[in-house]
file final.txt (compact mmCIF, C-alpha atoms)
# COMPACT_ATOMS: atom_id res chain seq x y z
CA MET H 1 38.44 33.65 81.97
CA LYS H 2 37.25 32.72 85.46
CA LYS H 3 39.10 33.91 88.53
CA ARG H 4 41.54 31.28 89.83
CA VAL H 5 41.71 30.99 93.61
CA PHE H 6 45.21 29.51 93.81
CA THR H 7 47.71 27.27 92.05
CA GLY H 8 49.84 24.81 94.02
CA ALA H 9 49.31 23.31 97.46
CA GLY H 10 46.58 24.54 99.77
CA THR H 11 46.67 23.33 103.36
CA ALA H 12 43.45 21.88 104.75
CA LEU H 13 44.18 23.28 108.19
CA ILE H 14 43.55 21.44 111.42
CA THR H 15 41.78 23.47 114.08
CA PRO H 16 43.91 23.28 117.26
CA MET H 17 41.64 22.73 120.26
CA THR H 18 41.51 22.02 123.95
CA GLU H 19 38.55 20.97 126.07
CA GLU H 20 37.84 24.68 126.54
CA GLY H 21 37.57 25.44 122.82
CA ILE H 22 39.75 26.60 119.93
CA ASP H 23 43.38 27.14 120.88
CA PHE H 24 43.96 30.41 119.05
CA ASP H 25 47.54 30.82 120.27
CA THR H 26 48.53 27.57 118.58
CA PHE H 27 46.31 28.34 115.61
CA GLY H 28 48.18 31.58 115.05
CA ARG H 29 51.58 29.88 115.25
CA LEU H 30 50.41 27.26 112.78
CA VAL H 31 49.15 29.84 110.29
CA ASP H 32 52.40 31.83 110.54
CA TRP H 33 54.49 28.68 110.08
CA GLN H 34 52.43 27.60 107.08
CA ILE H 35 52.96 30.92 105.34
CA GLU H 36 56.68 30.97 106.16
CA ASN H 37 57.03 27.45 104.74
CA GLY H 38 55.51 27.91 101.34
CA THR H 39 51.85 27.01 101.49
CA ASP H 40 49.90 28.48 98.58
CA ALA H 41 46.53 28.77 100.34
CA LEU H 42 44.87 28.10 103.68
CA ILE H 43 41.60 26.21 103.92
CA VAL H 44 39.86 26.74 107.26
CA ALA H 45 36.99 25.03 109.09
CA ALA H 46 36.51 22.25 106.58
CA THR H 47 36.82 18.47 107.07
CA THR H 48 40.37 18.47 108.44
CA GLY H 49 39.46 21.47 110.58
CA GLU H 50 36.62 19.51 112.19
CA GLY H 51 34.08 21.92 110.78
CA PRO H 52 31.12 19.61 111.51
CA THR H 53 31.78 19.81 115.27
CA LEU H 54 32.44 23.55 115.44
CA ASP H 55 29.42 25.45 116.65
CA ASP H 56 28.25 28.45 114.65
CA ALA H 57 30.24 31.01 116.65
CA GLU H 58 33.40 28.89 116.56
CA HIS H 59 33.09 28.26 112.85
CA LYS H 60 32.84 31.96 112.09
CA SER H 61 35.55 32.95 114.58
CA ALA H 62 37.96 30.41 113.08
CA ILE H 63 37.42 31.83 109.60
CA GLU H 64 37.78 35.43 110.77
CA PHE H 65 40.92 34.58 112.75
CA VAL H 66 42.71 32.97 109.80
CA VAL H 67 41.73 35.80 107.44
CA ASP H 68 43.13 38.36 109.89
CA ARG H 69 46.27 36.34 110.66
CA ALA H 70 47.08 35.62 107.01
CA ALA H 71 46.68 39.33 106.27
CA GLY H 72 46.49 38.82 102.53
CA LYS H 73 49.80 36.93 102.27
CA VAL H 74 48.06 33.83 100.87
CA PRO H 75 44.46 33.17 99.84
CA VAL H 76 42.11 31.97 102.57
CA ILE H 77 39.30 29.60 101.65
CA ALA H 78 36.49 28.90 104.09
CA GLY H 79 34.62 25.64 104.41
CA THR H 80 30.99 26.75 104.35
CA GLY H 81 29.06 23.73 103.08
CA SER H 82 26.34 21.94 105.01
CA ASN H 83 23.62 19.35 104.54
CA ASP H 84 21.30 22.24 105.43
CA THR H 85 21.54 24.63 102.49
CA ALA H 86 20.00 27.52 104.41
CA TYR H 87 22.72 27.27 107.08
CA GLY H 88 25.42 26.83 104.46
CA LEU H 89 24.27 29.99 102.73
CA GLN H 90 24.40 31.86 106.03
CA LEU H 91 27.98 30.69 106.59
CA THR H 92 28.92 31.55 103.02
CA ARG H 93 27.61 35.10 103.28
CA ALA H 94 29.34 35.57 106.64
CA ALA H 95 32.66 34.28 105.27
CA CYS H 96 32.43 36.62 102.30
CA GLN H 97 31.92 39.56 104.64
CA MET H 98 35.02 38.50 106.60
CA GLY H 99 37.17 38.81 103.50
CA VAL H 100 37.86 35.24 102.40
CA ASP H 101 39.22 34.63 98.91
CA GLY H 102 37.04 31.62 98.19
CA VAL H 103 34.54 29.21 99.71
CA LEU H 104 34.70 25.41 99.71
CA VAL H 105 31.24 23.85 99.61
CA VAL H 106 30.90 20.12 100.26
CA THR H 107 28.14 18.05 98.71
CA PRO H 108 25.21 17.55 101.12
CA TYR H 109 25.65 14.59 103.44
CA TYR H 110 23.13 12.23 105.07
CA ASN H 111 20.11 13.69 103.26
CA LYS H 112 22.24 13.80 100.05
CA ALA H 113 20.81 15.10 96.76
CA THR H 114 19.96 14.09 93.22
CA GLN H 115 22.18 15.37 90.41
CA ASP H 116 19.52 17.96 89.56
CA GLY H 117 19.44 18.90 93.24
CA LEU H 118 23.21 19.41 93.22
CA ILE H 119 22.95 21.72 90.22
CA ARG H 120 20.23 23.78 91.89
CA MET H 121 22.03 23.86 95.25
CA TYR H 122 25.45 24.86 93.92
CA ASN H 123 23.98 27.54 91.68
CA THR H 124 22.21 28.95 94.73
CA TYR H 125 25.47 29.04 96.68
CA ALA H 126 27.32 30.58 93.74
CA ASP H 127 24.67 33.29 93.37
CA ALA H 128 24.95 34.12 97.07
CA SER H 129 28.74 34.19 97.24
CA THR H 130 30.76 37.27 96.36
CA VAL H 131 33.94 35.16 96.00
CA PRO H 132 34.76 32.13 93.84
CA LEU H 133 33.26 28.80 94.86
CA ILE H 134 35.09 25.47 94.93
CA ILE H 135 32.97 22.33 94.92
CA TYR H 136 34.11 19.64 97.36
CA ASN H 137 33.29 16.14 96.14
CA VAL H 138 34.03 13.43 98.72
CA PRO H 139 31.47 10.64 98.32
CA SER H 140 33.21 8.35 100.82
CA ARG H 141 32.07 10.78 103.54
CA THR H 142 28.84 12.13 102.10
CA GLY H 143 27.33 9.27 100.09
CA CYS H 144 26.81 11.80 97.29
CA ASN H 145 28.91 12.00 94.11
CA VAL H 146 29.04 14.81 91.55
CA GLU H 147 28.87 13.18 88.12
CA PRO H 148 30.88 14.54 85.15
CA ALA H 149 27.76 15.70 83.30
CA THR H 150 26.69 17.58 86.43
CA TYR H 151 30.08 19.30 86.59
CA ALA H 152 29.60 20.34 82.97
CA GLN H 153 26.39 22.11 83.91
CA LEU H 154 27.86 23.68 87.06
CA ALA H 155 30.94 24.93 85.22
CA LYS H 156 28.69 27.24 83.20
CA HIS H 157 28.25 29.43 86.30
CA GLU H 158 30.84 32.19 86.33
CA ASN H 159 31.35 31.91 90.09
CA ILE H 160 31.86 28.12 90.21
CA VAL H 161 35.54 27.96 89.42
CA ALA H 162 36.95 24.66 90.69
CA THR H 163 36.46 21.32 92.37
CA LYS H 164 38.32 19.53 95.12
CA GLU H 165 38.02 15.98 93.83
CA ALA H 166 38.24 13.13 96.31
CA ASN H 167 36.06 10.50 94.67
CA ASN H 168 38.96 8.05 94.08
CA ASN H 169 37.67 7.35 90.56
CA ILE H 170 40.33 8.71 88.23
CA ALA H 171 38.31 7.75 85.15
CA LYS H 172 35.42 9.96 86.32
CA ILE H 173 37.82 12.85 86.95
CA VAL H 174 39.31 12.43 83.47
CA GLU H 175 35.79 12.58 82.03
CA THR H 176 35.06 15.71 84.06
CA LYS H 177 38.18 17.41 82.70
CA ALA H 178 37.25 16.40 79.15
CA LEU H 179 33.76 17.87 79.53
CA CYS H 180 34.68 21.06 81.42
CA GLY H 181 38.08 21.98 79.99
CA ASP H 182 39.29 25.36 81.23
CA ASN H 183 35.90 26.22 82.74
CA LEU H 184 36.64 24.24 85.90
CA ASP H 185 39.96 23.98 87.76
CA ILE H 186 40.67 20.65 89.45
CA TYR H 187 42.43 20.21 92.79
CA SER H 188 43.27 16.78 94.12
CA GLY H 189 41.48 16.07 97.37
CA ASN H 190 43.75 13.11 98.08
CA ASP H 191 47.43 13.39 98.96
CA ASP H 192 48.16 10.04 97.33
CA GLN H 193 46.79 11.19 93.96
CA VAL H 194 48.46 14.56 93.45
CA ILE H 195 50.56 13.57 90.44
CA PRO H 196 47.78 11.60 88.67
CA LEU H 197 45.47 14.61 88.82
CA LEU H 198 48.17 17.04 87.73
CA SER H 199 48.83 14.76 84.75
CA ILE H 200 45.31 15.33 83.40
CA GLY H 201 45.38 19.08 83.85
CA GLY H 202 44.86 19.59 87.58
CA ILE H 203 46.40 22.72 89.09
CA GLY H 204 47.07 21.67 92.67
CA VAL H 205 45.97 19.90 95.81
CA ILE H 206 44.03 20.69 98.97
CA SER H 207 46.24 18.72 101.29
CA VAL H 208 46.28 17.10 104.72
CA LEU H 209 50.01 16.30 104.48
CA SER H 210 50.67 20.02 104.01
CA ASN H 211 49.76 20.60 107.68
CA ILE H 212 53.12 19.10 108.62
CA ALA H 213 55.10 19.40 105.36
CA PRO H 214 53.87 22.48 103.48
CA MET H 215 57.06 23.11 101.50
CA VAL H 216 57.21 19.50 100.35
CA VAL H 217 53.67 19.53 98.99
CA HIS H 218 54.19 22.94 97.40
CA ASN H 219 57.33 21.66 95.70
CA MET H 220 55.60 18.48 94.54
CA VAL H 221 52.99 20.51 92.67
CA MET H 222 55.18 23.30 91.37
CA GLU H 223 58.00 21.05 90.15
CA TYR H 224 55.42 19.20 88.07
CA LEU H 225 53.75 22.32 86.71
CA GLU H 226 57.09 23.97 85.95
CA GLY H 227 58.43 21.01 84.00
CA ASP H 228 60.48 18.82 86.34
CA GLN H 229 57.94 16.04 86.40
CA GLN H 230 60.35 13.34 87.54
CA LYS H 231 61.29 15.34 90.64
CA ALA H 232 57.60 15.76 91.43
CA VAL H 233 56.95 12.05 90.97
CA ASP H 234 59.92 11.25 93.22
CA LEU H 235 58.42 13.39 95.99
CA GLN H 236 55.02 11.70 95.62
CA LEU H 237 56.65 8.29 95.93
CA GLU H 238 58.97 9.29 98.79
CA TYR H 239 56.10 10.57 100.90
CA THR H 240 53.66 7.75 100.09
CA PRO H 241 54.40 5.80 103.32
CA LEU H 242 53.81 8.93 105.42
CA ILE H 243 50.62 9.71 103.51
CA LYS H 244 49.43 6.18 104.16
CA ALA H 245 50.13 6.65 107.88
CA LEU H 246 48.25 9.97 107.86
CA PHE H 247 45.17 8.09 106.68
CA SER H 248 45.57 4.99 108.85
CA GLU H 249 42.55 6.25 110.78
CA VAL H 250 39.81 8.70 109.88
CA ASN H 251 41.17 12.14 109.00
CA PRO H 252 42.03 14.31 110.95
CA ILE H 253 42.85 11.82 113.73
CA PRO H 254 46.40 11.02 112.55
CA VAL H 255 47.33 14.55 111.40
CA LYS H 256 46.24 15.96 114.76
CA ALA H 257 48.71 13.57 116.42
CA ALA H 258 51.41 14.49 113.91
CA ALA H 259 50.94 18.23 114.41
CA SER H 260 50.97 17.80 118.19
CA ALA H 261 54.24 15.85 117.95
CA MET H 262 55.70 18.86 116.08
CA GLY H 263 54.62 21.23 118.85
CA PHE H 264 51.33 22.48 117.44
CA GLY H 265 49.00 22.08 120.38
CA GLU H 266 47.27 19.24 122.14
CA ASN H 267 46.31 16.00 120.44
CA TYR H 268 42.66 16.78 121.11
CA LEU H 269 39.70 15.93 118.91
CA ARG H 270 35.98 16.27 119.39
CA SER H 271 33.71 13.26 119.65
CA PRO H 272 32.95 11.13 117.69
CA MET H 273 36.69 11.26 116.91
CA TYR H 274 39.28 10.30 119.49
CA PRO H 275 43.10 10.26 119.53
CA ILE H 276 44.95 7.80 117.33
CA SER H 277 45.65 4.26 118.55
CA GLU H 278 49.07 3.55 120.04
CA LYS H 279 49.87 1.12 117.21
CA ASN H 280 49.10 3.55 114.41
CA GLU H 281 50.75 6.46 116.20
CA LYS H 282 54.00 4.51 116.44
CA VAL H 283 54.01 3.94 112.67
CA LEU H 284 53.07 7.57 111.99
CA LEU H 285 55.86 9.01 114.12
CA GLU H 286 58.39 6.62 112.59
CA GLU H 287 57.43 7.71 109.07
CA MET H 288 57.76 11.35 110.16
CA ARG H 289 61.27 10.62 111.42
CA LYS H 290 62.24 8.96 108.14
CA VAL H 291 61.54 12.16 106.19
CA GLY H 292 63.07 14.45 108.82
CA LEU H 293 59.95 15.95 110.33
CA LEU H 294 60.89 14.69 113.80
CA ALA H 295 64.30 14.23 115.39
call {"tool": "encode", "arguments": {"input": "final.txt", "output": "structure tokens"}}
result
Amino acid sequence: MKKRVFTGAGTALITPMTEEGIDFDTFGRLVDWQIENGTDALIVAATTGEGPTLDDAEHKSAIEFVVDRAAGKVPVIAGTGSNDTAYGLQLTRAACQMGVDGVLVVTPYYNKATQDGLIRMYNTYADASTVPLIIYNVPSRTGCNVEPATYAQLAKHENIVATKEANNNIAKIVETKALCGDNLDIYSGNDDQVIPLLSIGGIGVISVLSNIAPMVVHNMVMEYLEGDQQKAVDLQLEYTPLIKALFSEVNPIPVKAAASAMGFGENYLRSPMYPISEKNEKVLLEEMRKVGLLA
């Protein structure tokens, strides 16, 4: 049996920033609040954490900071993928030395890869990592999709334990589950598809919504897995308008605004991303009020 990294809701953490760099004071408060409010894992320096615009030192310091702050209370998973495999391997080895519980490795973007290339690349990462590896499949961002037959090959590696699936093709994910069975855990990579993926044997979500509502997302997953499926479905439906607002612009633009409105730092993003439009922010804040996240 492969080692499972976590079950439930993992938060794809934002990285609080100012023009001067990472705002570690706010970052620490956010990590503490996440743990106190039921998150099952913390994912650091990945897409929502603006990993692509963190320089090498920032990327590593963010990972080390969250590992130290979490202090073993919940698993910490580091985003270490890159379109440059050599650099991704360097990040992966560094994260392992810092004490992470898993690494999240995105498919290569811009230069992409063939399916055979993906198999070779992920096996190389898995050989280099001393902790379990989660594949991150998000073709809308990378232009590269992991096919079910490719997953079946990758799942043979003892250290490739799961995928964060955000390909929006439920039929492909069903086929992946049929081919891989218990050899590959599946996490939803989309907040609007948590229940559909749980229904085919998924074990959780790596969530943007969880930045501002960690207990809600935790409950959504655990109610389903523990047998109260209707309660879980009700939560998915109740939070659908807020989820839609959180993706009204490119992630993490809206969630940065939402977290700032809740007191977690400045609404600051690095170019090429900029703060949310006034129109979309108004809708976002109204949806947050409807579910009690803002007064």
call {"tool": "residues_around", "arguments": {"input": "final.txt", "residues": "range 262-270 of chain H", "least_positions_apart": "5", "cutoff": "7 Å", "atoms": "all atoms listed in the file", "output": "list of chain:residue names"}}
result
H:Pro16, H:Met17, H:Thr18, H:Thr26, H:Leu30, H:Thr53, H:Lys256, H:Ala257, H:Pro275
call {"tool": "closest_residue", "arguments": {"input": "final.txt", "among": "H:Asp192, H:Asp23, H:Glu175, H:Asp40", "to": "Gly72 in chain H", "atoms": "all atoms listed in the file"}}
result
H:Asp40
call {"tool": "residues_around", "arguments": {"input": "final.txt", "residues": "range 108-123 of chain H", "least_positions_apart": "4", "cutoff": "6 Å", "atoms": "all atoms listed in the file", "output": "list of chain:residue names"}}
result
H:Ser82, H:Asn83, H:Thr142, H:Cys144
call {"tool": "closest_residue", "arguments": {"input": "final.txt", "among": "H:Glu286, H:Val194, H:Tyr151, H:Ala178", "to": "Ala166 in chain H", "atoms": "only C-alpha atoms"}}
result
H:Val194
call {"tool": "closest_residue", "arguments": {"input": "final.txt", "among": "H:Tyr87, H:Trp33, H:Tyr274, H:Tyr224", "to": "Asp56 in chain H", "atoms": "all atoms listed in the file"}}
result
H:Tyr87
call {"tool": "residues_around", "arguments": {"input": "final.txt", "residues": "Gln97 in chain H", "least_positions_apart": "2", "cutoff": "12 Å", "atoms": "all atoms listed in the file", "output": "number ranges by chain"}}
result
H: 60, 63-64, 67, 78, 90-95, 99-103, 128-131
call {"tool": "atom_distance", "arguments": {"input": "final.txt", "atom1": "CA of Val161 in chain H", "atom2": "CA of Thr47 in chain H"}}
result
20.1 Å
call {"tool": "atom_distance", "arguments": {"input": "final.txt", "atom1": "CA of Glu19 in chain H", "atom2": "CA of Glu281 in chain H"}}
result
21.4 Å
call {"tool": "residues_around", "arguments": {"input": "final.txt", "residues": "Ala45 in chain H", "least_positions_apart": "6", "cutoff": "9 Å", "atoms": "only C-alpha atoms", "output": "PyMOL selection string"}}
result
chain H and resi 12-15+51-52+54+59-60+62-63+78-80
call {"tool": "build_atoms", "arguments": {"input": "final.txt", "residues": "range 20-53 of chain H", "atoms": "N, CA and C atoms", "output": "tab-separated table (two decimals), keeping the file's coordinate frame"}}
result
chain	number	residue	atom	x	y	z
H	20	GLU	N	38.49	23.39	126.35
H	20	GLU	CA	37.84	24.68	126.54
H	20	GLU	C	37.40	25.32	125.22
H	21	GLY	N	37.93	24.83	124.09
H	21	GLY	CA	37.57	25.44	122.82
H	21	GLY	C	38.76	25.54	121.89
H	22	ILE	N	38.66	26.42	120.90
H	22	ILE	CA	39.75	26.60	119.93
H	22	ILE	C	40.96	27.21	120.61
H	23	ASP	N	42.12	26.64	120.35
H	23	ASP	CA	43.38	27.14	120.88
H	23	ASP	C	43.96	28.14	119.88
H	24	PHE	N	43.58	29.40	120.03
H	24	PHE	CA	43.96	30.41	119.05
H	24	PHE	C	45.45	30.73	119.09
H	25	ASP	N	46.10	30.59	120.22
H	25	ASP	CA	47.54	30.82	120.27
H	25	ASP	C	48.27	29.84	119.34
H	26	THR	N	47.94	28.56	119.47
H	26	THR	CA	48.53	27.57	118.58
H	26	THR	C	48.09	27.76	117.14
H	27	PHE	N	46.84	28.10	116.96
H	27	PHE	CA	46.31	28.34	115.61
H	27	PHE	C	47.12	29.43	114.91
H	28	GLY	N	47.41	30.49	115.63
H	28	GLY	CA	48.18	31.58	115.05
H	28	GLY	C	49.59	31.15	114.67
H	29	ARG	N	50.24	30.38	115.56
H	29	ARG	CA	51.58	29.88	115.25
H	29	ARG	C	51.57	28.99	114.02
H	30	LEU	N	50.53	28.16	113.92
H	30	LEU	CA	50.41	27.26	112.78
H	30	LEU	C	50.23	28.04	111.48
H	31	VAL	N	49.36	29.03	111.49
H	31	VAL	CA	49.15	29.84	110.29
H	31	VAL	C	50.44	30.55	109.89
H	32	ASP	N	51.13	31.14	110.84
H	32	ASP	CA	52.40	31.83	110.54
H	32	ASP	C	53.41	30.86	109.93
H	33	TRP	N	53.53	29.67	110.54
H	33	TRP	CA	54.49	28.68	110.08
H	33	TRP	C	54.15	28.19	108.68
H	34	GLN	N	52.88	28.01	108.42
H	34	GLN	CA	52.43	27.60	107.08
H	34	GLN	C	52.86	28.62	106.02
H	35	ILE	N	52.62	29.87	106.30
H	35	ILE	CA	52.96	30.92	105.34
H	35	ILE	C	54.47	31.00	105.14
H	36	GLU	N	55.22	30.91	106.23
H	36	GLU	CA	56.68	30.97	106.16
H	36	GLU	C	57.26	29.78	105.39
H	37	ASN	N	56.52	28.68	105.35
H	37	ASN	CA	57.03	27.45	104.74
H	37	ASN	C	56.35	27.08	103.43
H	38	GLY	N	55.83	28.08	102.75
H	38	GLY	CA	55.51	27.91	101.34
H	38	GLY	C	54.12	27.47	100.96
H	39	THR	N	53.19	27.40	101.91
H	39	THR	CA	51.85	27.01	101.49
H	39	THR	C	51.28	28.05	100.52
H	40	ASP	N	50.46	27.59	99.59
H	40	ASP	CA	49.90	28.48	98.58
H	40	ASP	C	48.50	28.98	98.92
H	41	ALA	N	47.87	28.35	99.90
H	41	ALA	CA	46.53	28.77	100.34
H	41	ALA	C	46.23	28.09	101.66
H	42	LEU	N	45.30	28.67	102.40
H	42	LEU	CA	44.87	28.10	103.68
H	42	LEU	C	43.37	27.84	103.62
H	43	ILE	N	43.00	26.60	103.92
H	43	ILE	CA	41.60	26.21	103.92
H	43	ILE	C	41.19	25.99	105.37
H	44	VAL	N	40.19	26.71	105.84
H	44	VAL	CA	39.86	26.74	107.26
H	44	VAL	C	38.45	26.23	107.50
H	45	ALA	N	38.30	25.49	108.60
H	45	ALA	CA	36.99	25.03	109.09
H	45	ALA	C	36.28	24.09	108.12
H	46	ALA	N	37.08	23.27	107.44
H	46	ALA	CA	36.51	22.25	106.58
H	46	ALA	C	36.67	20.89	107.25
H	47	THR	N	36.78	19.81	106.49
H	47	THR	CA	36.82	18.47	107.07
H	47	THR	C	37.98	18.30	108.05
H	48	THR	N	39.19	18.63	107.59
H	48	THR	CA	40.37	18.47	108.44
H	48	THR	C	40.32	19.40	109.63
H	49	GLY	N	39.63	20.52	109.48
H	49	GLY	CA	39.46	21.47	110.58
H	49	GLY	C	38.31	21.15	111.51
H	50	GLU	N	37.73	19.96	111.35
H	50	GLU	CA	36.62	19.51	112.19
H	50	GLU	C	35.42	20.46	112.14
H	51	GLY	N	35.20	21.00	110.95
H	51	GLY	CA	34.08	21.92	110.78
H	51	GLY	C	32.74	21.41	111.27
H	52	PRO	N	32.43	20.10	111.06
H	52	PRO	CA	31.12	19.61	111.51
H	52	PRO	C	30.90	19.67	113.02
H	53	THR	N	31.98	19.74	113.82
H	53	THR	CA	31.78	19.81	115.27
H	53	THR	C	32.10	21.20	115.84
